Amino acid sequence: MKMKNLKQKVIFSATPEMVFKAFLSSKSHSAFIGGNAVVSNKLNGKFKVWDGYAWGRNIKLIVTGK
């Protein structure tokens with residue numbers, strides 16, 4: 001399968017810190033996407049979302065927009 005990069009821009013009514021914490025919490029991430037999510041808030045930590053449809057690891061963790 002040929003791999004492609006995906007870039008997405010989303011605007012939330014929340015601070016960058018709030019979004020960062022929500023995406024790196026399994027409970028909050030699951031509620032946000034409406035499916036099972038197991039995520040890590042650590043560098044090189046693994047994640048698996050949408051019941052295993054998407055998975056990977058955190059290669060860089062940056063909060064921007066301050």
# chains A, B, ... in the order shown; residues from 1 in each chain; ligands from 1
>>> residues_around(residues="Ser40 in chain A", least_positions_apart="6", cutoff="7 Å", atoms="only C-alpha atoms", output="ChimeraX atom specification")
/A:24,46-47
>>> write_last_selection(atoms="N, CA, C and O atoms", output="mmCIF file, in the first residue's frame")
data_model
loop_
_atom_site.group_PDB
_atom_site.id
_atom_site.type_symbol
_atom_site.label_atom_id
_atom_site.label_comp_id
_atom_site.auth_asym_id
_atom_site.auth_seq_id
_atom_site.Cartn_x
_atom_site.Cartn_y
_atom_site.Cartn_z
ATOM 1 N N LEU A 24 -4.231 13.392 24.708
ATOM 2 C CA LEU A 24 -3.286 12.452 25.302
ATOM 3 C C LEU A 24 -3.846 11.767 26.542
ATOM 4 O O LEU A 24 -3.109 11.211 27.350
ATOM 5 N N LYS A 46 3.055 4.662 22.750
ATOM 6 C CA LYS A 46 2.203 4.115 21.693
ATOM 7 C C LYS A 46 0.767 4.600 21.843
ATOM 8 O O LYS A 46 0.323 4.940 22.940
ATOM 9 N N PHE A 47 0.059 4.638 20.711
ATOM 10 C CA PHE A 47 -1.369 4.922 20.730
ATOM 11 C C PHE A 47 -2.080 4.007 19.746
ATOM 12 O O PHE A 47 -1.504 3.515 18.780
#
>>> select_by_dssp(residues="chain A", states="helix (DSSP H, G or I)", output="count of residues only")
19
>>> residues_around(residues="Ala37 in chain A", least_positions_apart="4", cutoff="9 Å", atoms="only C-alpha atoms", output="list of chain:residue names")
A:Ser25, A:Ser26, A:Lys27, A:Ser28, A:His29, A:Ser30, A:Ala31, A:Ile33, A:Phe47, A:Lys48, A:Val49, A:Trp50, A:Asp51, A:Gly52
>>> atom_distance(atom1="CA of Phe12 in chain A", atom2="CA of Asn44 in chain A")
25.7 Å
>>> select_by_dssp(residues="chain A", states="strand (DSSP E)", output="JSON, numbers by chain")
{"A": [46, 47, 48, 49, 54, 55, 56, 57]}
>>> closest_residue(among="A:Val39, A:Lys7, A:Phe32, A:Pro16", to="Gly56 in chain A", atoms="only C-alpha atoms")
A:Val39
>>> closest_residue(among="A:Gly34, A:Lys42, A:Ile62, A:Arg57", to="Phe20 in chain A", atoms="only C-alpha atoms")
A:Ile62
>>> atom_distance(atom1="CA of Asn41 in chain A", atom2="CA of Lys4 in chain A")
25.1 Å
>>> atom_distance(atom1="CA of Asn58 in chain A", atom2="CA of Gly45 in chain A")
5.4 Å
>>> decode(residues="range 22-39 of chain A", atoms="N, CA and C atoms", output="PDB file, in the first residue's frame")
ATOM      1  N   ALA A  22      -6.411  16.646  26.404  1.00  0.00           N
ATOM      2  CA  ALA A  22      -7.547  15.818  25.986  1.00  0.00           C
ATOM      3  C   ALA A  22      -7.129  14.745  24.993  1.00  0.00           C
ATOM      4  N   PHE A  23      -6.285  15.077  24.039  1.00  0.00           N
ATOM      5  CA  PHE A  23      -5.860  14.107  23.037  1.00  0.00           C
ATOM      6  C   PHE A  23      -4.921  13.060  23.621  1.00  0.00           C
ATOM      7  N   LEU A  24      -4.231  13.392  24.708  1.00  0.00           N
ATOM      8  CA  LEU A  24      -3.286  12.452  25.302  1.00  0.00           C
ATOM      9  C   LEU A  24      -3.846  11.767  26.542  1.00  0.00           C
ATOM     10  N   SER A  25      -5.165  11.765  26.675  1.00  0.00           N
ATOM     11  CA  SER A  25      -5.865  11.029  27.727  1.00  0.00           C
ATOM     12  C   SER A  25      -6.754   9.999  27.026  1.00  0.00           C
ATOM     13  N   SER A  26      -6.595   8.742  27.358  1.00  0.00           N
ATOM     14  CA  SER A  26      -7.391   7.696  26.715  1.00  0.00           C
ATOM     15  C   SER A  26      -8.891   7.942  26.886  1.00  0.00           C
ATOM     16  N   LYS A  27      -9.307   8.328  28.088  1.00  0.00           N
ATOM     17  CA  LYS A  27     -10.731   8.553  28.364  1.00  0.00           C
ATOM     18  C   LYS A  27     -11.278   9.729  27.539  1.00  0.00           C
ATOM     19  N   SER A  28     -10.584  10.859  27.550  1.00  0.00           N
ATOM     20  CA  SER A  28     -11.039  12.045  26.800  1.00  0.00           C
ATOM     21  C   SER A  28     -10.981  11.809  25.303  1.00  0.00           C
ATOM     22  N   HIS A  29      -9.916  11.169  24.829  1.00  0.00           N
ATOM     23  CA  HIS A  29      -9.768  10.910  23.398  1.00  0.00           C
ATOM     24  C   HIS A  29     -10.878   9.976  22.917  1.00  0.00           C
ATOM     25  N   SER A  30     -11.192   8.947  23.687  1.00  0.00           N
ATOM     26  CA  SER A  30     -12.277   8.026  23.336  1.00  0.00           C
ATOM     27  C   SER A  30     -13.606   8.767  23.224  1.00  0.00           C
ATOM     28  N   ALA A  31     -13.888   9.640  24.182  1.00  0.00           N
ATOM     29  CA  ALA A  31     -15.132  10.415  24.153  1.00  0.00           C
ATOM     30  C   ALA A  31     -15.177  11.337  22.945  1.00  0.00           C
ATOM     31  N   PHE A  32     -14.055  11.932  22.594  1.00  0.00           N
ATOM     32  CA  PHE A  32     -13.982  12.875  21.478  1.00  0.00           C
ATOM     33  C   PHE A  32     -14.237  12.184  20.141  1.00  0.00           C
ATOM     34  N   ILE A  33     -13.643  11.006  19.936  1.00  0.00           N
ATOM     35  CA  ILE A  33     -13.768  10.337  18.633  1.00  0.00           C
ATOM     36  C   ILE A  33     -14.945   9.375  18.566  1.00  0.00           C
ATOM     37  N   GLY A  34     -15.544   9.064  19.710  1.00  0.00           N
ATOM     38  CA  GLY A  34     -16.673   8.145  19.706  1.00  0.00           C
ATOM     39  C   GLY A  34     -16.264   6.698  19.464  1.00  0.00           C
ATOM     40  N   GLY A  35     -15.076   6.337  19.861  1.00  0.00           N
ATOM     41  CA  GLY A  35     -14.574   4.966  19.711  1.00  0.00           C
ATOM     42  C   GLY A  35     -13.490   4.723  20.732  1.00  0.00           C
ATOM     43  N   ASN A  36     -13.043   3.481  20.808  1.00  0.00           N
ATOM     44  CA  ASN A  36     -12.018   3.139  21.781  1.00  0.00           C
ATOM     45  C   ASN A  36     -10.676   3.762  21.405  1.00  0.00           C
ATOM     46  N   ALA A  37     -10.006   4.365  22.373  1.00  0.00           N
ATOM     47  CA  ALA A  37      -8.681   4.953  22.172  1.00  0.00           C
ATOM     48  C   ALA A  37      -7.812   4.633  23.375  1.00  0.00           C
ATOM     49  N   VAL A  38      -6.619   4.148  23.105  1.00  0.00           N
ATOM     50  CA  VAL A  38      -5.615   3.934  24.147  1.00  0.00           C
ATOM     51  C   VAL A  38      -4.421   4.766  23.722  1.00  0.00           C
ATOM     52  N   VAL A  39      -4.130   5.813  24.483  1.00  0.00           N
ATOM     53  CA  VAL A  39      -3.075   6.750  24.094  1.00  0.00           C
ATOM     54  C   VAL A  39      -2.087   6.943  25.242  1.00  0.00           C
TER      55      VAL A  39
END
